[in-house]
Amino acid sequence: MRSPRLRFPVLVALLAVLPALGLRGGASAAVDPPTAAEAESVLAAAEADLLALWVARDRAQWVQSTYITGDTEAIAAAANEAAIAAAMRFAKEAVRFDAVDLPLPLRRKLDLLKVALTLPAPSDPAKSAELARLAAGLEGAYGRGAYCPGEGRPCLDLGELSKRIATSRDPAELAEAWAGWHAIAREMRPDYVRFVELANEGARELGFADAGALWRSKYDLPADAFAAEVARLWEQVRPLYEQLHCYVRARLVEEYGSGVVPPDGPIPAHLLGNMWAQSWGGVWDLLAPAEAAPGIDLTPILRAKGFDEREMVRSGERFFTSLGLDPLPETFWERSMFTKPRDRDVVCHASAWDIDQVDDLRIKMCIEINEEDFQTIHHELGHNYYQRAYAHQPPLFRDSANDGFHEALGDTVALSVTPKYLRRIGLVESEPGADADLSLLLRMALEKIAFLPFGLLVDQWRWQVFSGEVGPEAYNEAWWKLRREIQGVAPPMPRGEQEFDAGAKYHVPANVPYTRYFLAHILQFQFHRALCETAGETGPLHRCTIHGSAAAGTRLEEMMRMGISRPWPDALEALTGTREMDARALLDYFAPLSAWLAEQNRDRQCGWR
Ligand code: X8Z
Ligand code: ZN
């Protein structure tokens, strides 16, 4: 049987080239040769329609995420379905102009239209409605997720379970919290299987092999070249990750014994202080180097100074305004969600919104007074400042240069939360000396370096799932294979195919691509280095803060203002002077730590079976 996947685009492409070939008459007589003027009018309609639909969708999704009920889920699903259906229509229309010579901005908008969707849907209305329902339901299930141990013990939400994972040092208690949370994803599994089928059907209507191929096509590069680019970046940083893994495993063996932590094997995932073992700062106390002066732990400082949630956000805003950027609008403070409501289910996973695409900026977080959330606030405000900077662009250009840029922006600013900055704003009295560098760098590495393989593997898994290389009968096996091979992490107990462990990570049920965070963890060091130079900072990168530098702010804003109007290498060049994503800035930042880790691990067998 002929594969249906290419039928539509092939037909459309044929119709588009027939006039160019001078083949008129017959079937082609009904199709006018597309002109630049026609492209312009199609794009004008697309931008007007999509903008209205996106705003309506975001309003509905905001309400769903801050008040999860069957009703808000249904309303959000309907709004999403309408936005997807329109975007599918315009993406198909864009193909008609593939062979037409057009001015650059028109060409770029048409190309963006073809790859804009994260969730492509089949044109069959019953199927597109089903897909939108599944998408809203999966995110809702994640938001409602809780572990209810029974026997009169209270249910625990992700916040409470995460606290336990970060603070308990009892392997049994840790395993219970870990398994308790991961059980929330079981019910998602059948829905996710269907979700993948339908998303792939939508992707094929657009001429892509599957939804993963569509995701990989958004980087101004052929999809395969992008995958190779990601692999290249990973190879640059993998040696440093393996050194960190080696050191951390050895310290955990000392704490828990080789019966719990295999000295030559992967690290059990429940012992790393984070539900997904994606960052390891939670077990800092087990890892602090004895010979180094301590770094700075912001959590007790924020609490001692009486910071509340709003003040943490205010503090983040003040960093951005110190760069010469405008304060957030009053509505940000009225409409954002900063704390977890006690009377309803919400999606606590942090996010940033620009509801009207003008200046209705908001964040949604369940802020806790601690260092991690202080960092996350800067991350989220970075999204808001980026959104505001490109709001003057036409709707199709209102996005970051690539999605890694969006994720890197606020993290870049957070890299400037250094001792010098903290002293300047009165959070510490004095800067620790150079003998604290090792602690400062190791703390940072537990966030940034530990994250890299996780940032990579979530989509390695999804790419395999979307392509069909991994079927539903092997979802969990494939997940743990990647976690073991790339991250060197193992499940705390055997996991069968009744489980759906990938679904216990927000971005899987919420269908948020994840490679963006891997890219962001590389890019933010490139950004940081360039901005430190612009700010005239000359010391080591990990001590640099761009706080108060209008020059750095201008440079940043110029890049952000471009939105996605140009290919991302142009934006990268505007900010850093280079057109390549490259991990050297990251490796330079951590160079002193690298040397120390290599020395620590000198007599150790690194790597894992
Ligand atoms: O999801 C996020 C942000 C929202 S875009 C809080 N991050 C990833 C995660 O939490 O898994 C930031 C770092 C990675
Ligand atoms: Zn983000």
# chains A, B, ... in the order shown; residues from 1 in each chain; ligands from 1

$ residues_around --residues "Lys420 of chain A" --least-positions-apart "5" --cutoff "8 Å" --atoms "only C-alpha atoms" --output "PyMOL selection string"
chain A and resi 431+543-545

$ write_last_selection --atoms "C-alpha atoms" --output "short mmCIF file (atom, residue, chain, number, x, y, z; two decimals), in the first residue's frame"
data_model
loop_
_atom_site.label_atom_id
_atom_site.label_comp_id
_atom_site.auth_asym_id
_atom_site.auth_seq_id
_atom_site.Cartn_x
_atom_site.Cartn_y
_atom_site.Cartn_z
CA GLU A 431 32.53 38.32 49.25
CA ARG A 543 32.82 35.92 39.61
CA CYS A 544 31.48 38.26 36.93
CA THR A 545 28.21 40.09 37.28
#

$ residues_near_ligand --ligand "ligand 2" --cutoff "8 Å" --atoms "only C-alpha atoms and all ligand atoms" --output "PyMOL selection string"
chain A and resi 350-352+379-380+383+406-408+517

$ closest_residue --among "A:Asp603, A:Glu334, A:Asp403, A:Glu573" --to "ligand 1" --atoms "only C-alpha atoms and all ligand atoms"
A:Asp403

$ select_by_dssp --residues "segment 155-380 of chain A" --states "alpha helix (DSSP H)" --output "PyMOL selection string"
chain A and resi 158-167+171-182+189-205+211-216+223-256+284-287+298-304+309-322+330-335+371-380

$ closest_residue --among "A:Thr515, A:Gln487, A:Ser217, A:Asn200" --to "ligand 1" --atoms "only C-alpha atoms and all ligand atoms"
A:Thr515

$ residues_around --residues "segment 518-524 of chain A" --least-positions-apart "3" --cutoff "10 Å" --atoms "only C-alpha atoms" --output "PDB file with C-alpha atoms, in the first residue's frame"
ATOM      1  CA  VAL A 230      23.298  18.436  19.400  1.00  0.00           C
ATOM      2  CA  LEU A 233      27.792  19.745  21.685  1.00  0.00           C
ATOM      3  CA  TRP A 234      27.233  16.775  23.971  1.00  0.00           C
ATOM      4  CA  VAL A 237      30.828  18.491  27.525  1.00  0.00           C
ATOM      5  CA  ASN A 402      15.561  29.493  18.588  1.00  0.00           C
ATOM      6  CA  ASP A 403      13.890  27.961  21.630  1.00  0.00           C
ATOM      7  CA  GLY A 404      17.230  27.507  23.390  1.00  0.00           C
ATOM      8  CA  PHE A 405      17.635  31.289  23.382  1.00  0.00           C
ATOM      9  CA  HIS A 406      14.347  31.740  25.210  1.00  0.00           C
ATOM     10  CA  GLU A 407      15.419  29.294  27.892  1.00  0.00           C
ATOM     11  CA  ALA A 408      18.916  30.764  28.149  1.00  0.00           C
ATOM     12  CA  LEU A 409      18.003  34.398  28.677  1.00  0.00           C
ATOM     13  CA  GLY A 410      16.979  34.395  32.322  1.00  0.00           C
ATOM     14  CA  ASP A 411      19.602  31.797  33.203  1.00  0.00           C
ATOM     15  CA  THR A 412      22.227  34.121  31.741  1.00  0.00           C
ATOM     16  CA  VAL A 413      21.101  36.839  34.099  1.00  0.00           C
ATOM     17  CA  ALA A 414      21.088  34.350  36.987  1.00  0.00           C
ATOM     18  CA  LEU A 415      24.730  33.499  36.239  1.00  0.00           C
ATOM     19  CA  GLU A 447      23.002  22.577  38.621  1.00  0.00           C
ATOM     20  CA  LYS A 448      24.446  23.174  35.181  1.00  0.00           C
ATOM     21  CA  ILE A 449      26.721  20.242  34.365  1.00  0.00           C
ATOM     22  CA  PHE A 451      21.682  18.811  33.954  1.00  0.00           C
ATOM     23  CA  LEU A 452      23.270  18.356  30.521  1.00  0.00           C
ATOM     24  CA  PRO A 453      22.627  14.641  29.857  1.00  0.00           C
ATOM     25  CA  PHE A 454      19.093  14.926  31.175  1.00  0.00           C
ATOM     26  CA  GLY A 455      18.523  17.943  28.932  1.00  0.00           C
ATOM     27  CA  LEU A 456      19.636  15.784  26.062  1.00  0.00           C
ATOM     28  CA  LEU A 457      17.898  12.507  26.744  1.00  0.00           C
ATOM     29  CA  VAL A 458      14.279  13.577  27.245  1.00  0.00           C
ATOM     30  CA  ASP A 459      13.934  14.310  23.547  1.00  0.00           C
ATOM     31  CA  TYR A 514      13.158  19.602  25.915  1.00  0.00           C
ATOM     32  CA  THR A 515      16.287  19.922  23.732  1.00  0.00           C
ATOM     33  CA  PHE A 527      25.935  34.820  26.465  1.00  0.00           C
ATOM     34  CA  HIS A 528      27.439  35.326  29.913  1.00  0.00           C
ATOM     35  CA  ARG A 529      30.969  35.550  28.603  1.00  0.00           C
ATOM     36  CA  ALA A 530      30.055  38.024  25.859  1.00  0.00           C
ATOM     37  CA  LEU A 572      23.981  34.728  18.238  1.00  0.00           C
ATOM     38  CA  THR A 576      28.477  37.089  21.025  1.00  0.00           C
ATOM     39  CA  GLU A 580      28.180  28.755  16.248  1.00  0.00           C
ATOM     40  CA  MET A 581      26.793  27.213  19.368  1.00  0.00           C
ATOM     41  CA  ASP A 582      29.849  26.130  21.266  1.00  0.00           C
ATOM     42  CA  ALA A 583      30.596  24.728  24.733  1.00  0.00           C
ATOM     43  CA  ARG A 584      34.004  26.354  25.115  1.00  0.00           C
ATOM     44  CA  ALA A 585      32.617  29.216  27.189  1.00  0.00           C
ATOM     45  CA  LEU A 586      31.079  26.663  29.557  1.00  0.00           C
ATOM     46  CA  LEU A 587      34.311  24.662  29.698  1.00  0.00           C
TER      47      LEU A 587
END

$ residues_around --residues "Ser322 of chain A" --least-positions-apart "6" --cutoff "12 Å" --atoms "only C-alpha atoms" --output "tab-separated table (two decimals) with N, CA, C and O atoms, in the first residue's frame"
chain	number	residue	atom	x	y	z
A	315	SER	N	13.08	41.42	43.55
A	315	SER	CA	14.54	41.41	43.49
A	315	SER	C	15.01	40.99	42.09
A	315	SER	O	15.93	41.59	41.52
A	316	GLY	N	14.35	39.99	41.52
A	316	GLY	CA	14.68	39.58	40.16
A	316	GLY	C	14.44	40.71	39.17
A	316	GLY	O	15.28	41.01	38.31
A	413	VAL	N	21.15	35.82	33.05
A	413	VAL	CA	21.10	36.84	34.10
A	413	VAL	C	21.40	36.20	35.47
A	413	VAL	O	22.16	36.74	36.27
A	421	TYR	N	27.60	40.57	43.38
A	421	TYR	CA	26.24	41.10	43.25
A	421	TYR	C	25.49	40.98	44.58
A	421	TYR	O	24.82	41.93	45.02
A	425	ILE	N	23.77	44.08	46.78
A	425	ILE	CA	22.36	44.27	47.15
A	425	ILE	C	22.11	43.92	48.62
A	425	ILE	O	20.97	43.83	49.07
A	545	THR	N	29.63	39.73	37.34
A	545	THR	CA	28.21	40.09	37.28
A	545	THR	C	28.04	41.25	36.32
A	545	THR	O	28.85	42.17	36.30
A	546	ILE	N	26.98	41.16	35.52
A	546	ILE	CA	26.68	42.27	34.60
A	546	ILE	C	25.71	43.24	35.25
A	546	ILE	O	25.26	44.20	34.62
A	547	HIS	N	25.40	43.02	36.52
A	547	HIS	CA	24.48	43.90	37.24
A	547	HIS	C	24.90	45.36	37.05
A	547	HIS	O	26.07	45.69	37.19
A	548	GLY	N	23.93	46.20	36.71
A	548	GLY	CA	24.20	47.63	36.60
A	548	GLY	C	24.84	48.05	35.29
A	548	GLY	O	25.11	49.23	35.10
A	549	SER	N	25.06	47.11	34.38
A	549	SER	CA	25.71	47.48	33.12
A	549	SER	C	24.69	47.79	32.03
A	549	SER	O	24.08	46.89	31.45
A	550	ALA	N	24.53	49.09	31.76
A	550	ALA	CA	23.62	49.49	30.68
A	550	ALA	C	24.12	48.98	29.34
A	550	ALA	O	23.33	48.65	28.45
A	551	ALA	N	25.44	48.89	29.19
A	551	ALA	CA	26.00	48.42	27.92
A	551	ALA	C	25.59	46.97	27.68
A	551	ALA	O	25.18	46.59	26.56
A	552	ALA	N	25.68	46.14	28.71
A	552	ALA	CA	25.26	44.74	28.57
A	552	ALA	C	23.76	44.68	28.29
A	552	ALA	O	23.30	43.89	27.45
A	553	GLY	N	22.99	45.53	28.98
A	553	GLY	CA	21.54	45.54	28.77
A	553	GLY	C	21.18	45.89	27.34
A	553	GLY	O	20.30	45.26	26.74
A	554	THR	N	21.87	46.87	26.79
A	554	THR	CA	21.60	47.28	25.41
A	554	THR	C	21.91	46.14	24.44
A	554	THR	O	21.13	45.84	23.54

$ atom_distance --atom1 "atom CA of Trp181 of chain A" --atom2 "atom CA of His349 of chain A"
14.4 Å

$ closest_residue --among "A:Thr167, A:Thr321, A:Ser400, A:Ser279" --to "Trp568 of chain A" --atoms "only C-alpha atoms"
A:Ser400

$ atom_distance --atom1 "atom CA of Ser336 of chain A" --atom2 "atom CA of Asn511 of chain A"
22.8 Å

$ atom_distance --atom1 "atom CA of Thr66 of chain A" --atom2 "atom CA of Phe338 of chain A"
10.8 Å

$ closest_residue --among "A:Leu422, A:Ala269, A:Ala231, A:Ala292" --to "Arg249 of chain A" --atoms "only C-alpha atoms"
A:Ala269

$ select_by_dssp --residues "segment 337-406 of chain A" --states "strand (DSSP E)" --output "JSON, numbers by chain"
{"A": [351, 352, 353, 354, 361, 362, 363, 364]}

$ residues_around --residues "Glu497 of chain A" --least-positions-apart "3" --cutoff "7 Å" --atoms "only C-alpha atoms" --output "short mmCIF file (atom, residue, chain, number, x, y, z; two decimals) with C-alpha atoms, in the first residue's frame"
data_model
loop_
_atom_site.label_atom_id
_atom_site.label_comp_id
_atom_site.auth_asym_id
_atom_site.auth_seq_id
_atom_site.Cartn_x
_atom_site.Cartn_y
_atom_site.Cartn_z
CA GLU A 473 5.54 -2.00 24.57
CA ALA A 474 9.02 -0.60 25.28
CA ASN A 476 9.82 2.42 29.91
#

$ residues_around --residues "Arg216 of chain A" --least-positions-apart "6" --cutoff "9 Å" --atoms "only C-alpha atoms" --output "CSV table (one decimal) with N, CA, C and O atoms, in the first residue's frame"
chain,number,residue,atom,x,y,z
A,222,PRO,N,18.7,21.5,8.3
A,222,PRO,CA,18.0,20.2,8.1
A,222,PRO,C,17.9,19.4,9.4
A,222,PRO,O,18.8,19.5,10.2
A,223,ALA,N,16.8,18.7,9.6
A,223,ALA,CA,16.6,18.0,10.8
A,223,ALA,C,17.8,17.1,11.2
A,223,ALA,O,18.2,17.1,12.4
A,224,ASP,N,18.3,16.4,10.3
A,224,ASP,CA,19.5,15.5,10.6
A,224,ASP,C,20.7,16.3,11.1
A,224,ASP,O,21.4,15.9,12.0
A,226,PHE,N,20.6,19.1,12.5
A,226,PHE,CA,20.4,19.6,13.9
A,226,PHE,C,20.7,18.5,14.9
A,226,PHE,O,21.4,18.8,15.9
A,227,ALA,N,20.3,17.3,14.7
A,227,ALA,CA,20.6,16.2,15.6
A,227,ALA,C,22.1,16.0,15.7
A,227,ALA,O,22.6,15.8,16.8
A,463,TRP,N,12.0,11.5,20.5
A,463,TRP,CA,12.3,11.3,19.0
A,463,TRP,C,12.1,9.9,18.7
A,463,TRP,O,11.6,9.5,17.6

$ decode --residues "segment 397-538 of chain A" --atoms "C-alpha atoms" --output "mmCIF file, in the first residue's frame"
data_model
loop_
_atom_site.group_PDB
_atom_site.id
_atom_site.type_symbol
_atom_site.label_atom_id
_atom_site.label_comp_id
_atom_site.auth_asym_id
_atom_site.auth_seq_id
_atom_site.Cartn_x
_atom_site.Cartn_y
_atom_site.Cartn_z
ATOM 1 C CA PHE A 397 8.416 36.842 14.332
ATOM 2 C CA ARG A 398 7.402 37.058 17.993
ATOM 3 C CA ASP A 399 9.594 34.314 19.309
ATOM 4 C CA SER A 400 13.181 33.792 20.374
ATOM 5 C CA ALA A 401 15.911 33.169 17.781
ATOM 6 C CA ASN A 402 15.561 29.493 18.588
ATOM 7 C CA ASP A 403 13.890 27.961 21.630
ATOM 8 C CA GLY A 404 17.230 27.507 23.390
ATOM 9 C CA PHE A 405 17.635 31.289 23.382
ATOM 10 C CA HIS A 406 14.347 31.740 25.210
ATOM 11 C CA GLU A 407 15.419 29.294 27.892
ATOM 12 C CA ALA A 408 18.916 30.764 28.149
ATOM 13 C CA LEU A 409 18.003 34.398 28.677
ATOM 14 C CA GLY A 410 16.979 34.395 32.322
ATOM 15 C CA ASP A 411 19.602 31.797 33.203
ATOM 16 C CA THR A 412 22.227 34.121 31.741
ATOM 17 C CA VAL A 413 21.101 36.839 34.099
ATOM 18 C CA ALA A 414 21.088 34.350 36.987
ATOM 19 C CA LEU A 415 24.730 33.499 36.239
ATOM 20 C CA SER A 416 25.380 37.065 37.308
ATOM 21 C CA VAL A 417 23.976 36.365 40.772
ATOM 22 C CA THR A 418 27.529 36.156 42.068
ATOM 23 C CA PRO A 419 28.988 37.033 45.484
ATOM 24 C CA LYS A 420 29.861 40.523 44.258
ATOM 25 C CA TYR A 421 26.239 41.099 43.252
ATOM 26 C CA LEU A 422 24.883 39.648 46.481
ATOM 27 C CA ARG A 423 27.126 41.950 48.478
ATOM 28 C CA ARG A 424 26.021 44.926 46.415
ATOM 29 C CA ILE A 425 22.357 44.267 47.152
ATOM 30 C CA GLY A 426 23.056 43.561 50.801
ATOM 31 C CA LEU A 427 22.313 39.846 50.899
ATOM 32 C CA VAL A 428 25.837 39.015 52.089
ATOM 33 C CA GLU A 429 28.206 41.244 54.033
ATOM 34 C CA SER A 430 31.397 40.320 52.232
ATOM 35 C CA GLU A 431 32.534 38.323 49.246
ATOM 36 C CA PRO A 432 34.155 35.007 50.073
ATOM 37 C CA GLY A 433 37.789 34.853 48.979
ATOM 38 C CA ALA A 434 39.387 32.809 46.227
ATOM 39 C CA ASP A 435 39.562 29.828 48.612
ATOM 40 C CA ALA A 436 35.773 29.530 48.121
ATOM 41 C CA ASP A 437 35.991 29.294 44.337
ATOM 42 C CA LEU A 438 35.923 25.547 44.369
ATOM 43 C CA SER A 439 32.718 25.489 46.407
ATOM 44 C CA LEU A 440 31.114 28.147 44.245
ATOM 45 C CA LEU A 441 31.987 26.246 41.075
ATOM 46 C CA LEU A 442 30.958 22.850 42.368
ATOM 47 C CA ARG A 443 27.586 24.200 43.500
ATOM 48 C CA MET A 444 27.107 25.653 40.053
ATOM 49 C CA ALA A 445 28.225 22.443 38.337
ATOM 50 C CA LEU A 446 25.653 20.451 40.320
ATOM 51 C CA GLU A 447 23.002 22.577 38.621
ATOM 52 C CA LYS A 448 24.446 23.174 35.181
ATOM 53 C CA ILE A 449 26.721 20.242 34.365
ATOM 54 C CA ALA A 450 24.601 17.605 36.060
ATOM 55 C CA PHE A 451 21.682 18.811 33.954
ATOM 56 C CA LEU A 452 23.270 18.356 30.521
ATOM 57 C CA PRO A 453 22.627 14.641 29.857
ATOM 58 C CA PHE A 454 19.093 14.926 31.175
ATOM 59 C CA GLY A 455 18.523 17.943 28.932
ATOM 60 C CA LEU A 456 19.636 15.784 26.062
ATOM 61 C CA LEU A 457 17.898 12.507 26.744
ATOM 62 C CA VAL A 458 14.279 13.577 27.245
ATOM 63 C CA ASP A 459 13.934 14.310 23.547
ATOM 64 C CA GLN A 460 16.189 11.457 22.487
ATOM 65 C CA TRP A 461 13.444 9.366 24.037
ATOM 66 C CA ARG A 462 10.630 11.336 22.435
ATOM 67 C CA TRP A 463 12.299 11.331 19.043
ATOM 68 C CA GLN A 464 12.448 7.528 19.255
ATOM 69 C CA VAL A 465 8.844 7.342 20.418
ATOM 70 C CA PHE A 466 7.496 9.648 17.701
ATOM 71 C CA SER A 467 9.475 7.865 14.990
ATOM 72 C CA GLY A 468 8.135 4.482 16.101
ATOM 73 C CA GLU A 469 11.640 3.184 16.800
ATOM 74 C CA VAL A 470 10.308 2.659 20.316
ATOM 75 C CA GLY A 471 6.756 1.365 20.548
ATOM 76 C CA PRO A 472 4.441 1.494 23.562
ATOM 77 C CA GLU A 473 5.542 -2.004 24.571
ATOM 78 C CA ALA A 474 9.019 -0.602 25.283
ATOM 79 C CA TYR A 475 8.397 2.978 26.464
ATOM 80 C CA ASN A 476 9.822 2.423 29.908
ATOM 81 C CA GLU A 477 12.648 0.156 28.891
ATOM 82 C CA ALA A 478 13.811 2.748 26.343
ATOM 83 C CA TRP A 479 13.518 5.527 28.906
ATOM 84 C CA TRP A 480 15.741 3.748 31.394
ATOM 85 C CA LYS A 481 18.164 2.652 28.728
ATOM 86 C CA LEU A 482 18.785 6.307 27.834
ATOM 87 C CA ARG A 483 18.968 7.365 31.448
ATOM 88 C CA ARG A 484 21.493 4.666 32.161
ATOM 89 C CA GLU A 485 23.602 5.193 29.041
ATOM 90 C CA ILE A 486 23.642 8.968 28.830
ATOM 91 C CA GLN A 487 23.094 10.070 32.402
ATOM 92 C CA GLY A 488 24.551 7.110 34.288
ATOM 93 C CA VAL A 489 21.468 6.927 36.487
ATOM 94 C CA ALA A 490 19.350 3.866 37.362
ATOM 95 C CA PRO A 491 15.854 3.451 38.822
ATOM 96 C CA PRO A 492 15.681 2.767 42.555
ATOM 97 C CA MET A 493 13.667 -0.423 41.944
ATOM 98 C CA PRO A 494 12.830 -2.540 38.891
ATOM 99 C CA ARG A 495 10.429 -0.708 36.578
ATOM 100 C CA GLY A 496 8.134 -2.618 34.254
ATOM 101 C CA GLU A 497 6.033 -1.568 31.292
ATOM 102 C CA GLN A 498 3.010 -0.916 33.522
ATOM 103 C CA GLU A 499 4.906 2.227 34.539
ATOM 104 C CA PHE A 500 5.342 5.349 32.413
ATOM 105 C CA ASP A 501 8.296 7.036 34.062
ATOM 106 C CA ALA A 502 8.889 9.623 31.315
ATOM 107 C CA GLY A 503 5.356 10.868 32.036
ATOM 108 C CA ALA A 504 6.395 11.867 35.557
ATOM 109 C CA LYS A 505 8.415 14.712 34.017
ATOM 110 C CA TYR A 506 6.224 17.730 33.282
ATOM 111 C CA HIS A 507 7.381 18.362 29.731
ATOM 112 C CA VAL A 508 6.260 14.935 28.494
ATOM 113 C CA PRO A 509 2.566 15.186 29.401
ATOM 114 C CA ALA A 510 2.662 18.941 28.652
ATOM 115 C CA ASN A 511 4.333 18.229 25.283
ATOM 116 C CA VAL A 512 7.040 20.841 25.730
ATOM 117 C CA PRO A 513 10.148 20.036 23.666
ATOM 118 C CA TYR A 514 13.158 19.602 25.915
ATOM 119 C CA THR A 515 16.287 19.922 23.732
ATOM 120 C CA ARG A 516 15.813 23.654 24.222
ATOM 121 C CA TYR A 517 17.122 23.325 27.790
ATOM 122 C CA PHE A 518 20.179 21.415 26.671
ATOM 123 C CA LEU A 519 20.946 24.182 24.167
ATOM 124 C CA ALA A 520 20.223 26.827 26.783
ATOM 125 C CA HIS A 521 22.731 25.294 29.168
ATOM 126 C CA ILE A 522 25.414 25.708 26.505
ATOM 127 C CA LEU A 523 24.247 29.086 25.186
ATOM 128 C CA GLN A 524 23.927 30.792 28.554
ATOM 129 C CA PHE A 525 27.680 30.519 29.093
ATOM 130 C CA GLN A 526 28.336 31.985 25.650
ATOM 131 C CA PHE A 527 25.935 34.820 26.465
ATOM 132 C CA HIS A 528 27.439 35.326 29.913
ATOM 133 C CA ARG A 529 30.969 35.550 28.603
ATOM 134 C CA ALA A 530 30.055 38.024 25.859
ATOM 135 C CA LEU A 531 28.033 40.214 28.224
ATOM 136 C CA CYS A 532 30.770 40.204 30.854
ATOM 137 C CA GLU A 533 33.162 41.467 28.201
ATOM 138 C CA THR A 534 30.657 44.124 27.188
ATOM 139 C CA ALA A 535 30.288 45.129 30.820
ATOM 140 C CA GLY A 536 34.050 45.501 31.072
ATOM 141 C CA GLU A 537 34.434 42.721 33.639
ATOM 142 C CA THR A 538 37.909 41.254 33.597
#
